[in-house]
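Visitor: For reference, the structure I am asking about is given below.
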Amino acid sequence: MQKEKKSTHMTEKRNKHMTLEDRIEIQTCLRSGMTFKAIARRICKDPTTVSREVKARSAPHRSAFSTLEEACPLLLRAPFVCNGCAKRSHASCRFVRWLYTARAAR
């Protein structure tokens with residue numbers, strides 16, 4: 001007797017690894033301010049997988065405006081990166097920016 005596999009809402013795309021297309025979609029969605037849950041629905045992954053991907057593959061980005069070494073308080077909660085922050089491209093933010101970049105995450 002064979003056991004039936006549990007069906008999930010994400011059965012159409014259950015690959016083990018993130019593809020470059022998945023990562024580009026995550027980067028685009030983060031930039032537009034989407035939640036991990038909304039991003040996960042778009043790429044047919046679990047929200048925890050998206051969260052772990054972003055946390056594990058984000059990197060600091062220094063610019064001429066970065067004068068503070070401490071972390072921005074906004075990085076302590078989701079999405080844990082500066083991709084969607086309104087201050088990201090302004091001189092008003094003096095913190096080191098943490099960015100998720102799809103091509104660097106490969």
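We name chains A, B, ... following the order of the structure tokens; residues begin at 1 in each chain, and ligands are numbered from 1 as shown.
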Using backbone DSSP assignments, extract all alpha helix (DSSP H) residues from chain A; output them as a VMD selection string.
Guide: chain A and resid 20 to 31 36 to 43 47 to 57 102 to 105
Visitor: Within 10 Å of A:Ala56, counting only C-alpha atoms, which residues qualify if same-chain residues fewer than 5 places away don't, as a list in words?
Guide: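 The contact residues come out as Val50, Ser51, Tyr100 and Ala105 of chain A.
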Visitor: Let me see the file: selected residues, all heavy atoms, as a PDB file, in the first residue's frame.
Guide:
```pdb
ATOM      1  N   VAL A  50      11.600  32.453   2.100  1.00  0.00           N
ATOM      2  CA  VAL A  50      11.919  33.788   1.589  1.00  0.00           C
ATOM      3  C   VAL A  50      12.659  34.590   2.658  1.00  0.00           C
ATOM      4  O   VAL A  50      13.678  35.219   2.383  1.00  0.00           O
ATOM      5  CB  VAL A  50      10.638  34.529   1.130  1.00  0.00           C
ATOM      6  CG1 VAL A  50      10.959  35.947   0.698  1.00  0.00           C
ATOM      7  CG2 VAL A  50       9.960  33.769   0.000  1.00  0.00           C
ATOM      8  N   SER A  51      12.170  34.533   3.881  1.00  0.00           N
ATOM      9  CA  SER A  51      12.806  35.251   4.985  1.00  0.00           C
ATOM     10  C   SER A  51      14.242  34.785   5.194  1.00  0.00           C
ATOM     11  O   SER A  51      15.162  35.595   5.327  1.00  0.00           O
ATOM     12  CB  SER A  51      11.998  35.034   6.265  1.00  0.00           C
ATOM     13  OG  SER A  51      12.653  35.580   7.373  1.00  0.00           O
ATOM     14  N   TYR A 100      19.583  43.337  -0.302  1.00  0.00           N
ATOM     15  CA  TYR A 100      19.470  42.018  -0.915  1.00  0.00           C
ATOM     16  C   TYR A 100      19.598  42.230  -2.412  1.00  0.00           C
ATOM     17  O   TYR A 100      18.820  42.976  -3.011  1.00  0.00           O
ATOM     18  CB  TYR A 100      18.124  41.362  -0.593  1.00  0.00           C
ATOM     19  CG  TYR A 100      17.956  40.028  -1.280  1.00  0.00           C
ATOM     20  CD1 TYR A 100      18.490  38.882  -0.721  1.00  0.00           C
ATOM     21  CD2 TYR A 100      17.292  39.922  -2.490  1.00  0.00           C
ATOM     22  CE1 TYR A 100      18.365  37.660  -1.351  1.00  0.00           C
ATOM     23  CE2 TYR A 100      17.156  38.707  -3.133  1.00  0.00           C
ATOM     24  CZ  TYR A 100      17.687  37.578  -2.550  1.00  0.00           C
ATOM     25  OH  TYR A 100      17.577  36.367  -3.184  1.00  0.00           O
ATOM     26  N   ALA A 105      23.408  36.977  -4.676  1.00  0.00           N
ATOM     27  CA  ALA A 105      22.915  35.883  -3.858  1.00  0.00           C
ATOM     28  C   ALA A 105      23.121  34.509  -4.500  1.00  0.00           C
ATOM     29  O   ALA A 105      22.946  33.502  -3.853  1.00  0.00           O
ATOM     30  CB  ALA A 105      21.414  36.078  -3.570  1.00  0.00           C
TER      31      ALA A 105
END
```
Visitor: For stretch 78-89 of chain A, work out the shell of residues within 8 Å, counting only C-alpha atoms and skipping chain neighbours fewer than 2 positions away, then give it as an mmCIF file with N, CA and C atoms, in the first residue's frame.
Guide:
```cif
data_model
loop_
_atom_site.group_PDB
_atom_site.id
_atom_site.type_symbol
_atom_site.label_atom_id
_atom_site.label_comp_id
_atom_site.auth_asym_id
_atom_site.auth_seq_id
_atom_site.Cartn_x
_atom_site.Cartn_y
_atom_site.Cartn_z
ATOM 1 N N GLN A 27 14.008 40.390 -5.046
ATOM 2 C CA GLN A 27 14.623 41.723 -5.039
ATOM 3 C C GLN A 27 13.626 42.785 -5.509
ATOM 4 N N LEU A 30 10.889 43.238 -2.818
ATOM 5 C CA LEU A 30 11.402 43.964 -1.653
ATOM 6 C C LEU A 30 11.474 45.449 -1.942
ATOM 7 N N ARG A 31 11.918 45.793 -3.138
ATOM 8 C CA ARG A 31 12.025 47.196 -3.526
ATOM 9 C C ARG A 31 10.650 47.877 -3.508
ATOM 10 N N SER A 32 9.614 47.129 -3.841
ATOM 11 C CA SER A 32 8.270 47.721 -3.851
ATOM 12 C C SER A 32 7.579 47.621 -2.494
ATOM 13 N N GLY A 33 8.267 47.062 -1.486
ATOM 14 C CA GLY A 33 7.731 47.047 -0.130
ATOM 15 C C GLY A 33 6.796 45.903 0.200
ATOM 16 N N THR A 35 5.488 42.200 1.564
ATOM 17 C CA THR A 35 5.804 41.358 2.713
ATOM 18 C C THR A 35 6.367 40.019 2.234
ATOM 19 N N PHE A 36 7.000 39.296 3.163
ATOM 20 C CA PHE A 36 7.522 37.965 2.829
ATOM 21 C C PHE A 36 6.391 37.034 2.400
ATOM 22 N N SER A 51 12.170 34.533 3.881
ATOM 23 C CA SER A 51 12.806 35.251 4.985
ATOM 24 C C SER A 51 14.242 34.785 5.194
ATOM 25 N N VAL A 54 16.555 36.045 2.372
ATOM 26 C CA VAL A 54 16.897 37.464 2.505
ATOM 27 C C VAL A 54 17.910 37.665 3.633
ATOM 28 N N LYS A 55 17.659 37.045 4.785
ATOM 29 C CA LYS A 55 18.575 37.198 5.922
ATOM 30 C C LYS A 55 19.962 36.646 5.608
ATOM 31 N N SER A 58 21.761 38.899 2.399
ATOM 32 C CA SER A 58 21.859 40.352 2.346
ATOM 33 C C SER A 58 23.275 40.752 2.740
ATOM 34 N N LEU A 74 15.401 49.916 12.005
ATOM 35 C CA LEU A 74 14.421 49.292 11.108
ATOM 36 C C LEU A 74 14.870 47.924 10.613
ATOM 37 N N LEU A 75 16.158 47.622 10.707
ATOM 38 C CA LEU A 75 16.666 46.328 10.249
ATOM 39 C C LEU A 75 16.379 45.204 11.240
ATOM 40 N N LEU A 76 15.856 45.538 12.397
ATOM 41 C CA LEU A 76 15.548 44.535 13.413
ATOM 42 C C LEU A 76 14.226 43.818 13.143
ATOM 43 N N ALA A 91 20.446 61.134 1.401
ATOM 44 C CA ALA A 91 21.564 61.439 2.286
ATOM 45 C C ALA A 91 21.108 61.516 3.740
ATOM 46 N N SER A 92 19.803 61.542 3.982
ATOM 47 C CA SER A 92 19.308 61.664 5.353
ATOM 48 C C SER A 92 19.546 60.411 6.191
ATOM 49 N N CYS A 93 19.791 59.287 5.566
ATOM 50 C CA CYS A 93 20.085 58.048 6.294
ATOM 51 C C CYS A 93 21.596 57.894 6.395
ATOM 52 N N ARG A 97 23.839 50.655 4.736
ATOM 53 C CA ARG A 97 22.651 50.031 4.159
ATOM 54 C C ARG A 97 22.887 48.532 3.968
ATOM 55 N N TRP A 98 21.866 47.737 4.306
ATOM 56 C CA TRP A 98 21.898 46.292 4.075
ATOM 57 C C TRP A 98 20.959 46.017 2.918
ATOM 58 N N LEU A 99 21.499 45.442 1.855
ATOM 59 C CA LEU A 99 20.719 45.217 0.641
ATOM 60 C C LEU A 99 20.704 43.755 0.244
ATOM 61 N N TYR A 100 19.583 43.337 -0.302
ATOM 62 C CA TYR A 100 19.470 42.018 -0.915
ATOM 63 C C TYR A 100 19.598 42.230 -2.412
#
```
Visitor: Which one of A:Thr67, A:His17, A:Arg62, A:Arg57 sits closest to A:Ala102 if you count only C-alpha atoms?
Guide: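 Among the listed residues, A:Arg57 lies closest to A:Ala102.
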Visitor: Residues of chain A in strand (DSSP E or B) according to DSSP, as a PyMOL selection string?
Guide: chain A and resi 58-61+68+95+97-100
Visitor: For the residues selected in the previous step, produce a file with N, CA and C atoms as a PDB file, in the first residue's frame.
Guide:
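The resulting file, again-v3.pdb, is reproduced below:
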```pdb
ATOM      1  N   SER A  58      21.761  38.899   2.399  1.00  0.00           N
ATOM      2  CA  SER A  58      21.859  40.352   2.346  1.00  0.00           C
ATOM      3  C   SER A  58      23.275  40.752   2.740  1.00  0.00           C
ATOM      4  N   ALA A  59      23.710  41.880   2.242  1.00  0.00           N
ATOM      5  CA  ALA A  59      25.086  42.313   2.488  1.00  0.00           C
ATOM      6  C   ALA A  59      25.129  43.817   2.740  1.00  0.00           C
ATOM      7  N   PRO A  60      26.103  44.254   3.521  1.00  0.00           N
ATOM      8  CA  PRO A  60      26.211  45.700   3.772  1.00  0.00           C
ATOM      9  C   PRO A  60      26.674  46.444   2.529  1.00  0.00           C
ATOM     10  N   HIS A  61      26.190  47.649   2.394  1.00  0.00           N
ATOM     11  CA  HIS A  61      26.552  48.503   1.262  1.00  0.00           C
ATOM     12  C   HIS A  61      26.888  49.878   1.814  1.00  0.00           C
ATOM     13  N   LEU A  68      27.598  56.273  10.209  1.00  0.00           N
ATOM     14  CA  LEU A  68      27.375  55.564  11.463  1.00  0.00           C
ATOM     15  C   LEU A  68      27.693  54.081  11.295  1.00  0.00           C
ATOM     16  N   PHE A  95      23.099  55.451   8.219  1.00  0.00           N
ATOM     17  CA  PHE A  95      23.457  54.077   8.555  1.00  0.00           C
ATOM     18  C   PHE A  95      24.030  53.345   7.342  1.00  0.00           C
ATOM     19  N   ARG A  97      23.839  50.655   4.736  1.00  0.00           N
ATOM     20  CA  ARG A  97      22.651  50.031   4.159  1.00  0.00           C
ATOM     21  C   ARG A  97      22.887  48.532   3.968  1.00  0.00           C
ATOM     22  N   TRP A  98      21.866  47.737   4.306  1.00  0.00           N
ATOM     23  CA  TRP A  98      21.898  46.292   4.075  1.00  0.00           C
ATOM     24  C   TRP A  98      20.959  46.017   2.918  1.00  0.00           C
ATOM     25  N   LEU A  99      21.499  45.442   1.855  1.00  0.00           N
ATOM     26  CA  LEU A  99      20.719  45.217   0.641  1.00  0.00           C
ATOM     27  C   LEU A  99      20.704  43.755   0.244  1.00  0.00           C
ATOM     28  N   TYR A 100      19.583  43.337  -0.302  1.00  0.00           N
ATOM     29  CA  TYR A 100      19.470  42.018  -0.915  1.00  0.00           C
ATOM     30  C   TYR A 100      19.598  42.230  -2.412  1.00  0.00           C
TER      31      TYR A 100
END
```
Visitor: What does the distance between atom CA of A:Lys45 and atom CA of A:Arg103 come to in Å, to one decimal place?
Guide: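 Answer for the atom CA of A:Lys45 to atom CA of A:Arg103 separation: 19.1 Å.
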Visitor: Neighbours of A:Met18 within 9 Å (only C-alpha atoms; same-chain residues fewer than 5 positions away dropped), as a list in words?
Guide: Arg23, Glu53 and Arg106 of chain A
Visitor: Okay, now the selection with N, CA, C and O atoms, as a short mmCIF file (atom, residue, chain, number, x, y, z; two decimals), in the first residue's frame?
Guide:
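File again_21.cif, as written:
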```cif
data_model
loop_
_atom_site.label_atom_id
_atom_site.label_comp_id
_atom_site.auth_asym_id
_atom_site.auth_seq_id
_atom_site.Cartn_x
_atom_site.Cartn_y
_atom_site.Cartn_z
N ARG A 23 15.08 34.80 -7.22
CA ARG A 23 15.84 35.82 -6.48
C ARG A 23 15.61 37.22 -7.06
O ARG A 23 15.52 38.19 -6.32
N GLU A 53 16.19 33.32 3.02
CA GLU A 53 16.97 33.72 1.84
C GLU A 53 17.45 35.16 1.99
O GLU A 53 18.62 35.47 1.76
N ARG A 106 23.49 34.47 -5.75
CA ARG A 106 23.65 33.18 -6.45
C ARG A 106 24.63 32.30 -5.79
O ARG A 106 25.61 32.53 -5.29
#
```
Visitor: Any idea what the distance is between atom CA of A:Pro73 and atom CA of A:Ala104?
Guide: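 Between atom CA of A:Pro73 and atom CA of A:Ala104 the gap works out to 24.3 Å.
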Visitor: How far is it from atom CA of A:Ala64 to atom CA of A:Arg77, in Å with one decimal?
Guide: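 Between atom CA of A:Ala64 and atom CA of A:Arg77 the gap is 25.3 Å.
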Visitor: Out of A:Ala38, A:Ile43, A:Leu20, A:Cys72, which residue has the shortest atom-to-atom distance to A:Arg94 when counting only C-alpha atoms?
Guide: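 With only C-alpha atoms as the atom set, the closest residue is A:Cys72.
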Visitor: Could you list, as a list of chain:residue names, every residue within 10 Å of A:Ala40, counting only C-alpha atoms and ignoring same-chain residues fewer than 6 positions away?
Guide: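 Listing them by chain and then by number gives A:Met10, A:Asp22, A:Glu25, A:Ile26, A:Met34, A:Asp46, A:Pro47, A:Thr48, A:Thr49, A:Val50, A:Ser51.
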Visitor: Which of these residues is nearest to A:Thr28, using only C-alpha atoms: A:Arg42, A:Ser66, A:Ala71, A:Val96?
Guide: A:Arg42
